[in-house]
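Trainee: Sharing entry01.txt, compact mmCIF, N, CA and C atoms:
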# COMPACT_ATOMS: atom_id res chain seq x y z
N MET A 15 26.72 -1.83 -11.36
CA MET A 15 26.06 -1.82 -10.08
C MET A 15 25.87 -0.37 -9.63
N LEU A 16 24.70 -0.07 -9.07
CA LEU A 16 24.41 1.27 -8.60
C LEU A 16 25.10 1.51 -7.26
N PRO A 17 25.54 2.74 -7.02
CA PRO A 17 26.21 3.05 -5.76
C PRO A 17 25.21 3.06 -4.59
N TYR A 18 25.74 2.84 -3.39
CA TYR A 18 24.92 2.97 -2.19
C TYR A 18 25.83 3.31 -1.02
N GLU A 19 25.23 3.88 0.01
CA GLU A 19 25.97 4.22 1.22
C GLU A 19 26.17 2.97 2.05
N LYS A 20 27.40 2.66 2.34
CA LYS A 20 27.75 1.42 3.05
C LYS A 20 27.06 1.31 4.41
N ARG A 21 26.81 2.45 5.05
CA ARG A 21 26.19 2.42 6.38
C ARG A 21 24.77 1.86 6.35
N LEU A 22 24.17 1.78 5.18
CA LEU A 22 22.80 1.29 5.06
C LEU A 22 22.70 -0.23 5.03
N LYS A 23 23.81 -0.89 4.78
CA LYS A 23 23.79 -2.34 4.59
C LYS A 23 23.23 -3.07 5.82
N GLN A 24 23.67 -2.70 7.00
CA GLN A 24 23.20 -3.36 8.22
C GLN A 24 21.71 -3.11 8.44
N ASN A 25 21.27 -1.87 8.17
CA ASN A 25 19.85 -1.55 8.30
C ASN A 25 19.01 -2.36 7.32
N SER A 26 19.51 -2.54 6.11
CA SER A 26 18.74 -3.30 5.11
C SER A 26 18.59 -4.76 5.54
N ARG A 27 19.63 -5.31 6.14
CA ARG A 27 19.54 -6.69 6.65
C ARG A 27 18.47 -6.79 7.74
N ALA A 28 18.44 -5.82 8.62
CA ALA A 28 17.44 -5.82 9.70
C ALA A 28 16.03 -5.72 9.12
N LEU A 29 15.86 -4.86 8.11
CA LEU A 29 14.54 -4.71 7.48
C LEU A 29 14.09 -6.00 6.79
N ARG A 30 15.02 -6.73 6.19
CA ARG A 30 14.66 -8.00 5.56
C ARG A 30 14.15 -9.01 6.58
N SER A 31 14.66 -8.91 7.80
CA SER A 31 14.23 -9.83 8.86
C SER A 31 12.88 -9.43 9.46
N ASN A 32 12.46 -8.20 9.23
CA ASN A 32 11.23 -7.68 9.84
C ASN A 32 10.30 -7.08 8.79
N MET A 33 10.03 -7.82 7.74
CA MET A 33 9.18 -7.32 6.68
C MET A 33 7.74 -7.17 7.16
N THR A 34 7.05 -6.16 6.60
CA THR A 34 5.64 -5.98 6.93
C THR A 34 4.82 -7.09 6.29
N GLU A 35 3.59 -7.19 6.69
CA GLU A 35 2.71 -8.21 6.11
C GLU A 35 2.56 -8.01 4.60
N ALA A 36 2.42 -6.76 4.19
CA ALA A 36 2.28 -6.46 2.76
C ALA A 36 3.56 -6.81 2.00
N GLU A 37 4.71 -6.50 2.57
CA GLU A 37 5.98 -6.84 1.93
C GLU A 37 6.13 -8.35 1.79
N GLN A 38 5.75 -9.08 2.81
CA GLN A 38 5.81 -10.54 2.75
C GLN A 38 4.89 -11.09 1.66
N ALA A 39 3.70 -10.52 1.57
CA ALA A 39 2.73 -10.98 0.56
C ALA A 39 3.26 -10.75 -0.85
N LEU A 40 3.83 -9.57 -1.09
CA LEU A 40 4.34 -9.28 -2.43
C LEU A 40 5.62 -10.06 -2.72
N TRP A 41 6.47 -10.22 -1.72
CA TRP A 41 7.73 -10.95 -1.90
C TRP A 41 7.47 -12.38 -2.37
N TYR A 42 6.37 -12.96 -1.92
CA TYR A 42 6.00 -14.31 -2.34
C TYR A 42 5.95 -14.41 -3.87
N TYR A 43 5.50 -13.33 -4.54
CA TYR A 43 5.37 -13.30 -6.00
C TYR A 43 6.62 -12.79 -6.71
N LEU A 44 7.40 -11.96 -6.01
CA LEU A 44 8.58 -11.37 -6.65
C LEU A 44 9.80 -12.28 -6.60
N ARG A 45 9.88 -13.11 -5.59
CA ARG A 45 11.09 -13.94 -5.44
C ARG A 45 11.13 -15.03 -6.50
N ARG A 46 12.30 -15.58 -6.66
CA ARG A 46 12.54 -16.71 -7.58
C ARG A 46 12.17 -16.41 -9.04
N LYS A 47 12.36 -15.19 -9.44
CA LYS A 47 12.18 -14.78 -10.85
C LYS A 47 10.82 -15.17 -11.43
N GLN A 48 9.77 -15.03 -10.65
CA GLN A 48 8.44 -15.43 -11.10
C GLN A 48 7.80 -14.44 -12.06
N ILE A 49 8.25 -13.20 -12.05
CA ILE A 49 7.68 -12.18 -12.93
C ILE A 49 8.67 -11.90 -14.05
N ASN A 50 8.31 -12.26 -15.26
CA ASN A 50 9.12 -12.01 -16.46
C ASN A 50 10.55 -12.54 -16.35
N GLY A 51 10.79 -13.45 -15.45
CA GLY A 51 12.15 -13.97 -15.27
C GLY A 51 13.08 -12.97 -14.60
N TRP A 52 12.52 -11.91 -14.03
CA TRP A 52 13.32 -10.85 -13.40
C TRP A 52 13.71 -11.22 -11.98
N GLN A 53 14.94 -10.93 -11.64
CA GLN A 53 15.44 -11.10 -10.27
C GLN A 53 15.12 -9.83 -9.48
N PHE A 54 14.43 -9.99 -8.38
CA PHE A 54 14.14 -8.87 -7.48
C PHE A 54 14.94 -9.04 -6.20
N TYR A 55 15.33 -7.92 -5.62
CA TYR A 55 16.00 -7.91 -4.32
C TYR A 55 15.11 -7.14 -3.37
N ARG A 56 15.09 -7.55 -2.12
CA ARG A 56 14.25 -6.86 -1.14
C ARG A 56 15.12 -6.04 -0.20
N GLN A 57 14.58 -4.92 0.24
CA GLN A 57 15.26 -4.00 1.15
C GLN A 57 16.68 -3.73 0.66
N LYS A 58 16.76 -3.20 -0.55
CA LYS A 58 18.03 -3.00 -1.24
C LYS A 58 18.53 -1.56 -1.07
N PRO A 59 19.74 -1.38 -0.55
CA PRO A 59 20.31 -0.03 -0.50
C PRO A 59 20.61 0.48 -1.92
N LEU A 60 20.13 1.66 -2.23
CA LEU A 60 20.42 2.33 -3.51
C LEU A 60 20.70 3.79 -3.19
N GLY A 61 21.90 4.23 -3.47
CA GLY A 61 22.25 5.61 -3.14
C GLY A 61 22.14 5.83 -1.66
N ARG A 62 21.36 6.82 -1.26
CA ARG A 62 21.20 7.13 0.16
C ARG A 62 19.90 6.58 0.77
N TYR A 63 19.25 5.68 0.03
CA TYR A 63 17.98 5.11 0.48
C TYR A 63 18.03 3.59 0.50
N ILE A 64 17.06 3.01 1.21
CA ILE A 64 16.81 1.57 1.14
C ILE A 64 15.43 1.43 0.51
N VAL A 65 15.38 0.77 -0.64
CA VAL A 65 14.10 0.60 -1.32
C VAL A 65 13.50 -0.74 -0.94
N ASP A 66 12.18 -0.84 -1.01
CA ASP A 66 11.52 -2.09 -0.62
C ASP A 66 11.91 -3.24 -1.55
N PHE A 67 11.77 -3.03 -2.86
CA PHE A 67 12.12 -4.07 -3.83
C PHE A 67 12.81 -3.41 -5.03
N TYR A 68 13.81 -4.10 -5.56
CA TYR A 68 14.57 -3.56 -6.69
C TYR A 68 14.84 -4.67 -7.70
N CYS A 69 14.60 -4.34 -8.97
CA CYS A 69 14.87 -5.26 -10.08
C CYS A 69 15.85 -4.58 -11.04
N PRO A 70 17.13 -4.99 -11.00
CA PRO A 70 18.11 -4.35 -11.88
C PRO A 70 17.83 -4.54 -13.37
N ALA A 71 17.34 -5.70 -13.78
CA ALA A 71 17.10 -5.96 -15.20
C ALA A 71 16.06 -5.00 -15.78
N ALA A 72 15.07 -4.64 -14.98
CA ALA A 72 14.02 -3.73 -15.43
C ALA A 72 14.27 -2.30 -14.97
N ARG A 73 15.36 -2.10 -14.20
CA ARG A 73 15.67 -0.79 -13.61
C ARG A 73 14.42 -0.25 -12.89
N LEU A 74 13.84 -1.12 -12.08
CA LEU A 74 12.55 -0.87 -11.45
C LEU A 74 12.65 -0.97 -9.93
N VAL A 75 12.05 0.00 -9.26
CA VAL A 75 11.92 0.01 -7.81
C VAL A 75 10.43 -0.10 -7.50
N VAL A 76 10.09 -0.98 -6.56
CA VAL A 76 8.70 -1.11 -6.10
C VAL A 76 8.68 -0.73 -4.63
N GLU A 77 7.88 0.27 -4.30
CA GLU A 77 7.76 0.76 -2.93
C GLU A 77 6.35 0.49 -2.41
N LEU A 78 6.27 0.02 -1.18
CA LEU A 78 4.98 -0.20 -0.52
C LEU A 78 4.83 0.84 0.58
N ASP A 79 3.70 1.52 0.57
CA ASP A 79 3.49 2.63 1.49
C ASP A 79 2.43 2.31 2.53
N GLY A 80 2.79 2.52 3.78
CA GLY A 80 1.83 2.43 4.87
C GLY A 80 1.02 3.71 4.95
N SER A 81 0.09 3.78 5.86
CA SER A 81 -0.81 4.93 5.96
C SER A 81 -0.08 6.24 6.24
N GLN A 82 1.08 6.20 6.90
CA GLN A 82 1.82 7.43 7.19
C GLN A 82 2.26 8.15 5.92
N HIS A 83 2.35 7.45 4.81
CA HIS A 83 2.79 8.06 3.56
C HIS A 83 1.74 8.98 2.96
N PHE A 84 0.53 8.95 3.49
CA PHE A 84 -0.51 9.84 3.00
C PHE A 84 -0.47 11.20 3.68
N GLU A 85 0.34 11.35 4.72
CA GLU A 85 0.53 12.65 5.37
C GLU A 85 1.42 13.50 4.49
N SER A 86 1.18 14.81 4.46
CA SER A 86 1.89 15.68 3.52
C SER A 86 3.41 15.63 3.71
N GLU A 87 3.87 15.54 4.94
CA GLU A 87 5.32 15.49 5.20
C GLU A 87 5.95 14.26 4.55
N HIS A 88 5.31 13.12 4.71
CA HIS A 88 5.83 11.88 4.13
C HIS A 88 5.68 11.88 2.60
N ALA A 89 4.58 12.44 2.12
CA ALA A 89 4.37 12.50 0.67
C ALA A 89 5.46 13.35 0.01
N GLN A 90 5.85 14.44 0.64
CA GLN A 90 6.92 15.27 0.11
C GLN A 90 8.24 14.52 0.12
N ALA A 91 8.54 13.82 1.20
CA ALA A 91 9.77 13.04 1.29
C ALA A 91 9.79 11.95 0.22
N ASP A 92 8.63 11.33 -0.02
CA ASP A 92 8.55 10.30 -1.06
C ASP A 92 8.82 10.89 -2.44
N GLN A 93 8.33 12.10 -2.67
CA GLN A 93 8.55 12.75 -3.96
C GLN A 93 10.04 13.04 -4.17
N VAL A 94 10.72 13.52 -3.14
CA VAL A 94 12.16 13.77 -3.21
C VAL A 94 12.90 12.47 -3.48
N ARG A 95 12.51 11.44 -2.77
CA ARG A 95 13.12 10.11 -2.93
C ARG A 95 12.93 9.58 -4.35
N ASP A 96 11.71 9.69 -4.87
CA ASP A 96 11.41 9.22 -6.23
C ASP A 96 12.22 9.99 -7.27
N GLN A 97 12.38 11.30 -7.08
CA GLN A 97 13.17 12.09 -8.01
C GLN A 97 14.64 11.68 -7.96
N TYR A 98 15.14 11.40 -6.78
CA TYR A 98 16.52 10.94 -6.63
C TYR A 98 16.72 9.63 -7.38
N LEU A 99 15.80 8.68 -7.17
CA LEU A 99 15.89 7.37 -7.83
C LEU A 99 15.75 7.51 -9.35
N ALA A 100 14.89 8.40 -9.80
CA ALA A 100 14.75 8.66 -11.23
C ALA A 100 16.06 9.21 -11.80
N GLY A 101 16.76 10.00 -11.00
CA GLY A 101 18.06 10.52 -11.41
C GLY A 101 19.09 9.43 -11.60
N LEU A 102 18.87 8.29 -10.96
CA LEU A 102 19.75 7.12 -11.14
C LEU A 102 19.31 6.28 -12.34
N GLY A 103 18.24 6.73 -13.03
CA GLY A 103 17.75 5.99 -14.19
C GLY A 103 16.76 4.90 -13.82
N LEU A 104 16.14 5.02 -12.65
CA LEU A 104 15.20 3.99 -12.18
C LEU A 104 13.76 4.48 -12.28
N ARG A 105 12.85 3.54 -12.52
CA ARG A 105 11.41 3.83 -12.46
C ARG A 105 10.92 3.37 -11.10
N VAL A 106 10.00 4.11 -10.53
CA VAL A 106 9.46 3.77 -9.22
C VAL A 106 7.97 3.52 -9.34
N LEU A 107 7.54 2.36 -8.86
CA LEU A 107 6.11 2.05 -8.75
C LEU A 107 5.78 2.06 -7.26
N ARG A 108 4.70 2.73 -6.91
CA ARG A 108 4.26 2.78 -5.51
C ARG A 108 2.88 2.17 -5.36
N PHE A 109 2.73 1.37 -4.32
CA PHE A 109 1.45 0.78 -3.98
C PHE A 109 1.26 0.94 -2.48
N ASP A 110 0.02 1.12 -2.06
CA ASP A 110 -0.18 1.17 -0.61
C ASP A 110 -0.37 -0.25 -0.08
N ASN A 111 -0.04 -0.42 1.19
CA ASN A 111 -0.09 -1.75 1.80
C ASN A 111 -1.46 -2.41 1.65
N ARG A 112 -2.50 -1.64 1.84
CA ARG A 112 -3.86 -2.19 1.75
C ARG A 112 -4.13 -2.75 0.36
N GLN A 113 -3.68 -2.02 -0.65
CA GLN A 113 -3.85 -2.46 -2.04
C GLN A 113 -3.11 -3.78 -2.27
N VAL A 114 -1.90 -3.88 -1.73
CA VAL A 114 -1.13 -5.11 -1.91
C VAL A 114 -1.83 -6.28 -1.25
N LEU A 115 -2.37 -6.06 -0.07
CA LEU A 115 -3.01 -7.15 0.68
C LEU A 115 -4.35 -7.57 0.08
N LEU A 116 -5.10 -6.60 -0.46
CA LEU A 116 -6.44 -6.91 -0.97
C LEU A 116 -6.48 -7.20 -2.47
N GLU A 117 -5.51 -6.69 -3.21
CA GLU A 117 -5.49 -6.83 -4.67
C GLU A 117 -4.11 -7.29 -5.14
N THR A 118 -3.57 -8.28 -4.49
CA THR A 118 -2.21 -8.73 -4.75
C THR A 118 -1.99 -9.06 -6.22
N GLU A 119 -2.88 -9.82 -6.80
CA GLU A 119 -2.70 -10.25 -8.19
C GLU A 119 -2.72 -9.06 -9.15
N ALA A 120 -3.53 -8.05 -8.87
CA ALA A 120 -3.56 -6.85 -9.72
C ALA A 120 -2.24 -6.09 -9.61
N VAL A 121 -1.69 -6.01 -8.41
CA VAL A 121 -0.40 -5.35 -8.20
C VAL A 121 0.69 -6.09 -8.95
N VAL A 122 0.70 -7.41 -8.85
CA VAL A 122 1.69 -8.23 -9.55
C VAL A 122 1.56 -8.03 -11.06
N GLU A 123 0.34 -7.92 -11.55
CA GLU A 123 0.12 -7.71 -12.99
C GLU A 123 0.69 -6.37 -13.44
N VAL A 124 0.49 -5.33 -12.66
CA VAL A 124 1.04 -4.00 -12.99
C VAL A 124 2.57 -4.07 -13.04
N ILE A 125 3.16 -4.73 -12.07
CA ILE A 125 4.62 -4.86 -12.04
C ILE A 125 5.10 -5.62 -13.28
N GLY A 126 4.43 -6.70 -13.61
CA GLY A 126 4.81 -7.52 -14.76
C GLY A 126 4.67 -6.81 -16.08
N LYS A 127 3.77 -5.84 -16.17
CA LYS A 127 3.56 -5.11 -17.41
C LYS A 127 4.45 -3.88 -17.52
N SER A 128 5.31 -3.66 -16.53
CA SER A 128 6.23 -2.53 -16.60
C SER A 128 7.14 -2.74 -17.80
N PRO A 129 7.27 -1.70 -18.62
CA PRO A 129 8.10 -1.89 -19.81
C PRO A 129 9.57 -2.09 -19.44
N PRO A 130 10.26 -2.90 -20.20
CA PRO A 130 11.69 -3.07 -19.94
C PRO A 130 12.42 -1.78 -20.26
N PRO A 131 13.60 -1.58 -19.69
CA PRO A 131 14.35 -0.36 -19.99
C PRO A 131 14.84 -0.39 -21.42
N PRO A 132 15.16 0.79 -21.97
CA PRO A 132 15.71 0.80 -23.33
C PRO A 132 17.02 0.04 -23.36
N LEU A 133 17.36 -0.44 -24.54
CA LEU A 133 18.58 -1.23 -24.69
C LEU A 133 19.80 -0.47 -24.19
N PHE A 134 19.88 0.82 -24.52
CA PHE A 134 20.99 1.64 -24.07
C PHE A 134 20.45 2.82 -23.29
N GLN A 135 21.01 3.07 -22.13
CA GLN A 135 20.64 4.25 -21.36
C GLN A 135 21.33 5.47 -21.97
N ARG A 136 20.81 6.64 -21.68
CA ARG A 136 21.38 7.87 -22.20
C ARG A 136 22.87 7.96 -21.86
N GLY A 137 23.69 8.24 -22.84
CA GLY A 137 25.12 8.38 -22.64
C GLY A 137 25.86 7.05 -22.63
N GLU A 138 25.15 5.95 -22.63
CA GLU A 138 25.79 4.64 -22.53
C GLU A 138 26.55 4.29 -23.81
N LEU A 139 26.08 4.78 -24.96
CA LEU A 139 26.77 4.48 -26.21
C LEU A 139 28.21 5.00 -26.17
N MET A 140 28.40 6.20 -25.65
CA MET A 140 29.74 6.77 -25.59
C MET A 140 30.61 5.96 -24.64
N HIS A 141 30.08 5.55 -23.50
CA HIS A 141 30.85 4.79 -22.53
C HIS A 141 31.26 3.42 -23.08
N ARG A 142 30.47 2.88 -23.96
CA ARG A 142 30.79 1.58 -24.55
C ARG A 142 31.66 1.71 -25.80
N GLY A 143 31.97 2.97 -26.15
CA GLY A 143 32.79 3.19 -27.33
C GLY A 143 32.07 2.90 -28.62
N LEU A 144 30.73 3.02 -28.62
CA LEU A 144 29.94 2.70 -29.81
C LEU A 144 29.54 3.95 -30.60
N LYS A 145 29.91 5.10 -30.12
CA LYS A 145 29.49 6.32 -30.82
C LYS A 145 30.67 7.08 -31.33
Could you show the structure in this file as structure tokens?
Mentor:
Amino acid sequence: MLPYEKRLKQNSRALRSNMTEAEQALWYYLRRKQINGWQFYRQKPLGRYIVDFYCPAARLVVELDGSQHFESEHAQADQVRDQYLAGLGLRVLRFDNRQVLLETEAVVEVIGKSPPPPLFQRGELMHRGLK
């Protein structure tokens, strides 16, 4: 299990209760293991962030961006966030809300075609005593 800051748990619960229209639309397709049999979690605390959707089996984060994310300040923060998540061994897919609402099936297809993670993550062989 990936680490997370405990203080984020209450905020993530609140976010799950107040999902955006785009998040609700995509959640309809992500829930109940509809994509590749993968379990997705919504508004999941990971490290110091809360991500929109997380799939542990694919080590995949899906983020939905509102219009504010196109401003340079938010774009920089997103880049820092994505680098942090990549440091945890996660891949991040980003879609804007409009794209999710107008091209939902195309977004779902991109998510479904995400390659699975390698069988062993870097350094994992040593931790498992296999090297």
Trainee: With a distance cut-off of 8 Å and all atoms listed in the file, select the neighbouring residues of Lys20 of chain A, excluding the residue or stretch itself and same-chain residues fewer than 4 positions from it, and output the selection as a list in words.
Mentor: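 My reading of the contact set: Gln24, Asn25, Gly61 and Arg62 of chain A.
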Trainee: Do you have the atom CA of Thr118 of chain A-atom N of Gln90 of chain A distance handy?
Mentor: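 The value is 25.1 Å.
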Trainee: For segment 99-114 of chain A, list every protein, DNA or RNA residue within 8 Å, evaluated using all atoms listed in the file, and leave out those in the same chain fewer than 3 positions away; present the list as a list in words.
Mentor: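 Contacts, in chain order: Leu16, Glu35, Ala36, Glu37, Ala39, Leu40, Leu60, Ala72, Arg73, Leu74, Val75, Val76, Glu77, Leu78, Asp79, Gly80, Ser81, Gln93, Val94, Arg95, Asp96, Glu117, Thr118, Glu119, Ala120, Val121, Val122, Ile125 and Gln135 of chain A.
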Trainee: Around (5.3, -12.8, -17.7), as given in the file, which residues come within 8 Å? Count all atoms listed in the file and list them as number ranges by chain.
Mentor: A: 48-51, 126-127
Trainee: Go ahead and save the picked residues with N, CA and C atoms, as a JSON list (two decimals), in the frame of the given file.
Mentor:
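Contents of the output file result16.json:
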[["chain", "number", "residue", "atom", "x", "y", "z"],
["A", 48, "GLN", "N", 9.77, -15.03, -10.65],
["A", 48, "GLN", "CA", 8.44, -15.43, -11.10],
["A", 48, "GLN", "C", 7.80, -14.44, -12.06],
["A", 49, "ILE", "N", 8.25, -13.20, -12.05],
["A", 49, "ILE", "CA", 7.68, -12.18, -12.93],
["A", 49, "ILE", "C", 8.67, -11.90, -14.05],
["A", 50, "ASN", "N", 8.31, -12.26, -15.26],
["A", 50, "ASN", "CA", 9.12, -12.01, -16.46],
["A", 50, "ASN", "C", 10.55, -12.54, -16.35],
["A", 51, "GLY", "N", 10.79, -13.45, -15.45],
["A", 51, "GLY", "CA", 12.15, -13.97, -15.27],
["A", 51, "GLY", "C", 13.08, -12.97, -14.60],
["A", 126, "GLY", "N", 4.43, -6.70, -13.61],
["A", 126, "GLY", "CA", 4.81, -7.52, -14.76],
["A", 126, "GLY", "C", 4.67, -6.81, -16.08],
["A", 127, "LYS", "N", 3.77, -5.84, -16.17],
["A", 127, "LYS", "CA", 3.56, -5.11, -17.41],
["A", 127, "LYS", "C", 4.45, -3.88, -17.52]]
Trainee: Could you jot down the atom N of Leu116 of chain A to atom N of Leu44 of chain A separation for me, Å, one decimal place?
Mentor: 14.7 Å
